[in-house]
$ cat work.csv   # CSV, C-alpha atoms
chain,number,residue,atom,x,y,z
A,1,MET,CA,14.9,-17.4,4.4
A,2,TRP,CA,11.4,-15.9,3.9
A,3,GLY,CA,12.3,-15.1,0.3
A,4,ILE,CA,14.4,-12.1,1.5
A,5,PRO,CA,17.3,-11.4,-1.0
A,6,TRP,CA,19.9,-10.9,1.7
A,7,GLU,CA,22.9,-10.8,-0.7
A,8,SER,CA,21.3,-8.0,-2.7
A,9,ALA,CA,20.4,-6.2,0.5
A,10,ARG,CA,24.1,-6.4,1.6
A,11,THR,CA,25.6,-5.2,-1.6
A,12,GLN,CA,23.0,-2.8,-3.0
A,13,TRP,CA,21.1,-1.2,-0.1
A,14,TYR,CA,22.8,2.1,-0.8
A,15,TYR,CA,21.4,2.4,-4.4
A,16,VAL,CA,19.4,5.6,-4.6
A,17,PRO,CA,16.1,3.9,-5.5
A,18,ASN,CA,16.5,1.6,-2.5
A,19,LEU,CA,17.2,4.5,-0.2
A,20,PHE,CA,13.8,6.1,-1.3
A,21,SER,CA,12.0,2.8,-0.6
A,22,THR,CA,13.8,2.5,2.8
A,23,ALA,CA,12.7,6.1,3.6
A,24,ARG,CA,9.1,5.2,2.8
A,25,ILE,CA,9.3,2.2,5.1
A,26,LEU,CA,10.7,4.2,8.0
A,27,ALA,CA,8.2,7.0,7.6
A,28,SER,CA,5.1,4.8,6.9
A,29,TRP,CA,3.7,5.3,10.4
A,30,VAL,CA,3.8,9.1,10.4
A,31,PRO,CA,0.5,9.9,8.7
A,32,ALA,CA,-1.3,7.4,10.9
A,33,TYR,CA,0.2,8.8,14.0
A,34,LEU,CA,-0.7,12.4,13.0
A,35,LEU,CA,-4.3,11.3,12.3
A,36,VAL,CA,-4.8,9.5,15.6
A,37,THR,CA,-3.2,12.2,17.8
A,38,GLY,CA,-4.3,15.3,15.9
A,39,THR,CA,-7.6,17.3,15.8
A,40,PHE,CA,-10.3,16.3,13.4
A,41,ASP,CA,-10.7,19.4,11.3
A,42,PHE,CA,-10.0,20.5,7.8
A,43,TRP,CA,-6.7,22.2,8.3
A,44,ALA,CA,-5.3,19.5,10.5
A,45,SER,CA,-6.4,16.9,7.9
A,46,LEU,CA,-4.5,18.8,5.2
A,47,VAL,CA,-1.3,18.3,7.2
A,48,VAL,CA,-2.0,14.6,7.5
A,49,LEU,CA,-2.8,14.4,3.8
A,50,GLY,CA,0.3,16.3,2.9
A,51,TRP,CA,2.5,14.0,4.8
A,52,PHE,CA,0.8,11.0,3.2
A,53,ALA,CA,1.1,12.4,-0.3
A,54,LEU,CA,4.8,13.2,0.3
A,55,ILE,CA,5.6,9.7,1.6
A,56,SER,CA,3.5,7.9,-1.1
A,57,ALA,CA,5.1,9.9,-3.8
A,58,THR,CA,8.4,8.1,-3.1
A,59,ASP,CA,6.7,5.0,-4.6
A,60,GLY,CA,6.9,6.6,-8.1
A,61,VAL,CA,10.3,8.2,-7.5
A,62,ASP,CA,12.1,4.9,-6.6
A,63,GLY,CA,10.6,3.2,-9.6
A,64,TYR,CA,11.6,6.0,-12.0
A,65,LEU,CA,15.1,6.2,-10.6
A,66,ALA,CA,15.6,2.4,-10.8
A,67,ARG,CA,14.8,2.6,-14.5
A,68,LYS,CA,16.7,5.8,-15.1
A,69,LEU,CA,19.9,4.8,-13.3
A,70,ASN,CA,19.6,1.1,-14.3
A,71,GLN,CA,19.6,0.1,-10.6
A,72,ARG,CA,16.9,-2.5,-10.6
A,73,THR,CA,17.7,-5.0,-7.8
A,74,ALA,CA,16.2,-7.9,-6.0
A,75,TRP,CA,16.4,-5.9,-2.7
A,76,GLY,CA,14.5,-3.1,-4.4
A,77,MET,CA,11.8,-5.4,-5.7
A,78,PHE,CA,11.4,-6.7,-2.2
A,79,ILE,CA,11.3,-3.4,-0.1
A,80,ASP,CA,9.4,-1.3,-2.7
A,81,PRO,CA,6.1,-3.2,-2.3
A,82,LEU,CA,6.8,-3.7,1.4
A,83,GLY,CA,6.9,0.1,1.9
A,84,ASP,CA,3.5,0.4,0.1
A,85,LYS,CA,2.0,-2.4,2.2
A,86,LEU,CA,3.2,-0.8,5.5
A,87,LEU,CA,2.0,2.7,4.5
A,88,VAL,CA,-1.4,1.3,3.6
A,89,ALA,CA,-1.6,-0.9,6.7
A,90,PHE,CA,-0.8,1.8,9.2
A,91,SER,CA,-3.0,4.3,7.4
A,92,ILE,CA,-6.2,2.2,7.1
A,93,LEU,CA,-5.9,1.0,10.7
A,94,ALA,CA,-5.7,4.7,11.8
A,95,ILE,CA,-8.6,5.6,9.6
A,96,LEU,CA,-10.7,2.8,11.0
A,97,TYR,CA,-9.9,3.8,14.5
A,98,VAL,CA,-10.9,7.5,14.1
A,99,GLY,CA,-13.7,7.0,11.6
A,100,TRP,CA,-15.7,4.0,12.9
A,101,GLN,CA,-18.8,6.2,13.4
A,102,ALA,CA,-18.5,8.0,10.0
A,103,PRO,CA,-21.0,7.3,7.2
A,104,TYR,CA,-20.1,4.1,5.3
A,105,SER,CA,-17.7,3.0,8.0
A,106,TRP,CA,-19.1,-0.5,7.7
A,107,LEU,CA,-17.9,-0.6,4.1
A,108,LEU,CA,-14.6,0.8,5.2
A,109,ALA,CA,-14.3,-2.1,7.7
A,110,ILE,CA,-15.0,-4.6,5.0
A,111,THR,CA,-12.5,-3.0,2.6
A,112,VAL,CA,-9.9,-3.0,5.3
A,113,TRP,CA,-10.5,-6.7,6.0
A,114,VAL,CA,-10.2,-7.5,2.3
A,115,ILE,CA,-7.0,-5.6,1.9
A,116,PHE,CA,-5.4,-7.3,4.9
A,117,ALA,CA,-6.7,-10.7,3.8
A,118,ARG,CA,-5.3,-10.3,0.3
A,119,GLU,CA,-1.9,-9.2,1.5
A,120,PHE,CA,-1.4,-11.9,4.2
A,121,LEU,CA,-3.1,-14.9,2.4
A,122,LEU,CA,-1.8,-14.1,-1.1
A,123,THR,CA,1.8,-13.5,0.1
A,124,ALA,CA,1.8,-16.8,1.9
A,125,GLU,CA,0.4,-18.6,-1.1
A,126,ILE,CA,2.8,-17.0,-3.6
A,127,ARG,CA,5.9,-17.8,-1.4
A,128,ARG,CA,4.8,-21.4,-1.1
A,129,ALA,CA,4.2,-21.7,-4.9
A,130,GLN,CA,7.2,-19.7,-6.1
A,131,GLY,CA,9.7,-20.8,-3.5
A,132,GLY,CA,10.2,-17.4,-2.0
A,133,VAL,CA,11.1,-15.7,-5.3
A,134,VAL,CA,10.3,-12.0,-5.4
A,135,MET,CA,7.6,-11.3,-7.9
A,136,LYS,CA,7.5,-8.3,-10.2
A,137,PRO,CA,4.2,-6.4,-9.7
A,138,THR,CA,1.7,-6.4,-12.5
A,139,LYS,CA,0.1,-3.3,-13.9
A,140,LEU,CA,-3.1,-4.2,-12.1
A,141,GLY,CA,-1.2,-4.5,-8.9
A,142,LYS,CA,0.2,-1.0,-9.4
A,143,VAL,CA,-3.3,0.3,-10.1
A,144,LYS,CA,-4.5,-1.4,-6.9
A,145,THR,CA,-1.9,0.4,-4.9
A,146,ALA,CA,-2.7,3.7,-6.5
A,147,VAL,CA,-6.5,3.3,-5.9
A,148,GLN,CA,-5.8,2.4,-2.2
A,149,PHE,CA,-3.7,5.5,-1.9
A,150,VAL,CA,-6.5,7.6,-3.3
A,151,MET,CA,-9.0,5.9,-0.9
A,152,ILE,CA,-6.8,6.7,2.1
A,153,GLY,CA,-6.5,10.3,0.9
A,154,THR,CA,-10.3,10.7,0.8
A,155,TRP,CA,-10.5,9.5,4.4
A,156,PHE,CA,-7.5,11.5,5.6
A,157,LEU,CA,-9.1,14.7,4.3
A,158,PHE,CA,-11.9,16.1,6.4
A,159,VAL,CA,-14.5,18.0,4.3
A,160,PRO,CA,-17.6,19.0,6.2
A,161,PHE,CA,-20.1,18.6,3.4
A,162,ALA,CA,-22.5,15.7,2.7
A,163,TRP,CA,-21.2,15.2,-0.9
A,164,TRP,CA,-17.8,14.2,0.5
A,165,ASP,CA,-19.4,11.1,1.9
A,166,THR,CA,-20.6,10.2,-1.6
A,167,VAL,CA,-17.0,10.6,-2.9
A,168,ARG,CA,-15.7,8.4,-0.1
A,169,LEU,CA,-18.3,5.7,-1.0
A,170,VAL,CA,-17.5,5.7,-4.7
A,171,VAL,CA,-13.7,5.4,-4.0
A,172,LEU,CA,-14.3,2.7,-1.4
A,173,VAL,CA,-16.3,0.6,-3.8
A,174,ALA,CA,-13.6,1.1,-6.5
A,175,THR,CA,-10.9,0.1,-4.0
A,176,LEU,CA,-12.8,-3.0,-2.9
A,177,VAL,CA,-13.4,-4.1,-6.6
A,178,VAL,CA,-9.8,-3.5,-7.7
A,179,THR,CA,-8.3,-5.2,-4.6
A,180,ILE,CA,-10.4,-8.3,-5.2
A,181,TRP,CA,-9.7,-8.2,-8.9
A,182,SER,CA,-5.9,-8.0,-8.3
A,183,TRP,CA,-6.2,-10.8,-5.7
A,184,ILE,CA,-7.7,-13.1,-8.4
A,185,GLN,CA,-5.2,-12.1,-11.0
A,186,TYR,CA,-2.1,-12.7,-8.7
A,187,ARG,CA,-3.5,-16.1,-7.6
A,188,ARG,CA,-3.9,-17.1,-11.3
A,189,LEU,CA,-0.5,-15.8,-12.3
A,190,PHE,CA,1.7,-16.7,-9.4
A,191,VAL,CA,-0.1,-19.4,-7.4
A,192,THR,CA,-2.2,-21.5,-9.8
A,193,ALA,CA,0.3,-21.2,-12.7
A,194,GLY,CA,3.2,-22.1,-10.3
A,195,ARG,CA,1.4,-25.3,-9.2
A,196,ILE,CA,0.8,-26.2,-12.8
A,197,ARG,CA,4.5,-25.8,-13.7
A,198,ALA,CA,5.4,-27.8,-10.7
$ encode --input "work.csv" --output "structure tokens"
Amino acid sequence: MWGIPWESARTQWYYVPNLFSTARILASWVPAYLLVTGTFDFWASLVVLGWFALISATDGVDGYLARKLNQRTAWGMFIDPLGDKLLVAFSILAILYVGWQAPYSWLLAITVWVIFAREFLLTAEIRRAQGGVVMKPTKLGKVKTAVQFVMIGTWFLFVPFAWWDTVRLVVLVATLVVTIWSWIQYRRLFVTAGRIRA
């Protein structure tokens, strides 16, 4: 059901890489909560950014451990990207909430819409085309996630100088381009190609 590898979840949930992915899922809301409920100054933003960096770092840790310990599982392939998506989703919604009057917030709103559209629409298409099979992320997909993490970091960090707005703009544009690019690639690889094989 829903392409969730229940048997792998039942028998392999306790594998160390899967525990890191699970921890990322459970903690994915923390940076967003701290941002929305905290004060908007440099030192408070460092705390938020620190929590986000700590949680997002588990994305590299679980992948490394899965390879090192030879513990690649279907459950891990399912919850690893799920943790990324939840962390990004909570974070960008919080950023949009607190930063809607900031410079380039209109571009932030567009980028947020594209990110959500890609995840919801693409996931639905892939599951229909591939029959719910968990797909291994491509290199571009990993780059997309990394760029989104960097973008979120620039908005979590409050720097009271005009040049920081330019940094945010550049990273926003890069995020928008890479997200759309990976959307096109995934549709070609996992949706269009799947239909052709069918």
$ atom_distance --input "work.csv" --atom1 "atom CA of A:Gly141" --atom2 "atom CA of A:Leu87"
15.5 Å
$ residues_around --input "work.csv" --residues "A:Ser8" --least-positions-apart "5" --cutoff "8 Å" --atoms "all atoms listed in the file" --output "list in words"
Trp13, Thr73, Ala74 and Trp75 of chain A
$ write_last_selection --input "work.csv" --atoms "C-alpha atoms" --output "short mmCIF file (atom, residue, chain, number, x, y, z; two decimals), in the coordinates of the input"
data_model
loop_
_atom_site.label_atom_id
_atom_site.label_comp_id
_atom_site.auth_asym_id
_atom_site.auth_seq_id
_atom_site.Cartn_x
_atom_site.Cartn_y
_atom_site.Cartn_z
CA TRP A 13 21.10 -1.20 -0.10
CA THR A 73 17.70 -5.00 -7.80
CA ALA A 74 16.20 -7.90 -6.00
CA TRP A 75 16.40 -5.90 -2.70
#
$ residues_around --input "work.csv" --residues "A:Leu46" --least-positions-apart "5" --cutoff "10 Å" --atoms "all atoms listed in the file" --output "PDB file with C-alpha atoms, keeping the file's coordinate frame"
ATOM      1  CA  ASP A  41     -10.700  19.400  11.300  1.00  0.00           C
ATOM      2  CA  TRP A  51       2.500  14.000   4.800  1.00  0.00           C
ATOM      3  CA  PHE A  52       0.800  11.000   3.200  1.00  0.00           C
ATOM      4  CA  GLY A 153      -6.500  10.300   0.900  1.00  0.00           C
ATOM      5  CA  PHE A 156      -7.500  11.500   5.600  1.00  0.00           C
ATOM      6  CA  LEU A 157      -9.100  14.700   4.300  1.00  0.00           C
ATOM      7  CA  PHE A 158     -11.900  16.100   6.400  1.00  0.00           C
TER       8      PHE A 158
END
$ residues_around --input "work.csv" --residues "A:Pro31" --least-positions-apart "6" --cutoff "12 Å" --atoms "all atoms listed in the file" --output "MDAnalysis selection string"
chainID A and resid 24 37:38 44:56 86:95 152:153 155:157
$ closest_residue --input "work.csv" --among "A:Thr123, A:Thr175, A:Thr58, A:Thr138" --to "A:Leu107" --atoms "all atoms listed in the file"
A:Thr175
$ residues_around --input "work.csv" --residues "A:Gly63" --least-positions-apart "6" --cutoff "9 Å" --atoms "only C-alpha atoms" --output "PyMOL selection string"
chain A and resi 17+72+80
$ closest_residue --input "work.csv" --among "A:Val191, A:Val112, A:Leu121, A:Met135" --to "A:Leu172" --atoms "only C-alpha atoms"
A:Val112
$ residues_around --input "work.csv" --residues "A:Ser105" --least-positions-apart "5" --cutoff "8 Å" --atoms "only C-alpha atoms" --output "list in words"
Leu96, Gly99 and Trp100 of chain A
$ write_last_selection --input "work.csv" --atoms "C-alpha atoms" --output "mmCIF file, keeping the file's coordinate frame"
data_model
loop_
_atom_site.group_PDB
_atom_site.id
_atom_site.type_symbol
_atom_site.label_atom_id
_atom_site.label_comp_id
_atom_site.auth_asym_id
_atom_site.auth_seq_id
_atom_site.Cartn_x
_atom_site.Cartn_y
_atom_site.Cartn_z
ATOM 1 C CA LEU A 96 -10.700 2.800 11.000
ATOM 2 C CA GLY A 99 -13.700 7.000 11.600
ATOM 3 C CA TRP A 100 -15.700 4.000 12.900
#
$ atom_distance --input "work.csv" --atom1 "atom CA of A:Leu169" --atom2 "atom CA of A:Tyr104"
6.7 Å
$ atom_distance --input "work.csv" --atom1 "atom CA of A:Val36" --atom2 "atom CA of A:Asn18"
29.0 Å
$ closest_residue --input "work.csv" --among "A:Ile25, A:Val150, A:Val30, A:Ile126" --to "A:Arg187" --atoms "only C-alpha atoms"
A:Ile126
$ closest_residue --input "work.csv" --among "A:Arg118, A:Arg67, A:Arg127, A:Arg168" --to "A:Lys144" --atoms "all atoms listed in the file"
A:Arg118
$ closest_residue --input "work.csv" --among "A:Val167, A:Met151, A:Ile180, A:Ala9" --to "A:Gly76" --atoms "only C-alpha atoms"
A:Ala9
$ closest_residue --input "work.csv" --among "A:Ala102, A:Glu125, A:Leu35, A:Phe149" --to "A:Thr166" --atoms "all atoms listed in the file"
A:Ala102
$ decode --input "work.csv" --residues "stretch 100-123 of chain A" --atoms "N, CA and C atoms" --output "tab-separated table (two decimals), in the first residue's frame"
chain	number	residue	atom	x	y	z
A	100	TRP	N	7.72	37.02	5.08
A	100	TRP	CA	6.93	37.41	3.91
A	100	TRP	C	7.10	38.88	3.54
A	101	GLN	N	7.66	39.70	4.44
A	101	GLN	CA	7.90	41.11	4.13
A	101	GLN	C	9.37	41.39	3.81
A	102	ALA	N	10.19	40.37	3.83
A	102	ALA	CA	11.61	40.54	3.55
A	102	ALA	C	11.84	40.75	2.05
A	103	PRO	N	13.00	41.35	1.67
A	103	PRO	CA	13.31	41.51	0.24
A	103	PRO	C	13.30	40.16	-0.47
A	104	TYR	N	12.78	40.15	-1.67
A	104	TYR	CA	12.70	38.96	-2.52
A	104	TYR	C	11.79	37.88	-1.96
A	105	SER	N	10.90	38.24	-1.04
A	105	SER	CA	9.98	37.25	-0.49
A	105	SER	C	9.04	36.72	-1.57
A	106	TRP	N	8.80	37.52	-2.62
A	106	TRP	CA	7.96	37.06	-3.73
A	106	TRP	C	8.61	35.89	-4.44
A	107	LEU	N	9.96	35.97	-4.60
A	107	LEU	CA	10.67	34.86	-5.23
A	107	LEU	C	10.72	33.67	-4.29
A	108	LEU	N	10.82	33.92	-3.00
A	108	LEU	CA	10.76	32.85	-2.02
A	108	LEU	C	9.43	32.11	-2.12
A	109	ALA	N	8.33	32.86	-2.26
A	109	ALA	CA	7.01	32.25	-2.37
A	109	ALA	C	6.91	31.38	-3.63
A	110	ILE	N	7.45	31.86	-4.73
A	110	ILE	CA	7.45	31.08	-5.98
A	110	ILE	C	8.27	29.80	-5.80
A	111	THR	N	9.45	29.94	-5.19
A	111	THR	CA	10.31	28.78	-4.98
A	111	THR	C	9.64	27.75	-4.08
A	112	VAL	N	8.99	28.21	-3.03
A	112	VAL	CA	8.27	27.30	-2.13
A	112	VAL	C	7.18	26.56	-2.89
A	113	TRP	N	6.44	27.29	-3.74
A	113	TRP	CA	5.38	26.65	-4.52
A	113	TRP	C	5.96	25.59	-5.44
A	114	VAL	N	7.08	25.89	-6.11
A	114	VAL	CA	7.70	24.94	-7.03
A	114	VAL	C	8.18	23.69	-6.28
A	115	ILE	N	8.78	23.90	-5.11
A	115	ILE	CA	9.27	22.77	-4.32
A	115	ILE	C	8.12	21.84	-3.94
A	116	PHE	N	7.02	22.42	-3.45
A	116	PHE	CA	5.88	21.59	-3.06
A	116	PHE	C	5.23	20.93	-4.28
A	117	ALA	N	5.11	21.68	-5.37
A	117	ALA	CA	4.51	21.11	-6.57
A	117	ALA	C	5.33	19.94	-7.08
A	118	ARG	N	6.65	20.11	-7.08
A	118	ARG	CA	7.53	19.02	-7.53
A	118	ARG	C	7.33	17.78	-6.68
A	119	GLU	N	7.35	17.94	-5.37
A	119	GLU	CA	7.29	16.78	-4.49
A	119	GLU	C	5.94	16.06	-4.59
A	120	PHE	N	4.86	16.81	-4.55
A	120	PHE	CA	3.53	16.17	-4.57
A	120	PHE	C	3.20	15.59	-5.94
A	121	LEU	N	3.35	16.40	-6.98
A	121	LEU	CA	2.97	15.94	-8.32
A	121	LEU	C	3.90	14.85	-8.83
A	122	LEU	N	5.21	15.05	-8.63
A	122	LEU	CA	6.17	14.08	-9.12
A	122	LEU	C	6.05	12.75	-8.39
A	123	THR	N	5.87	12.80	-7.09
A	123	THR	CA	5.72	11.56	-6.31
A	123	THR	C	4.50	10.77	-6.78
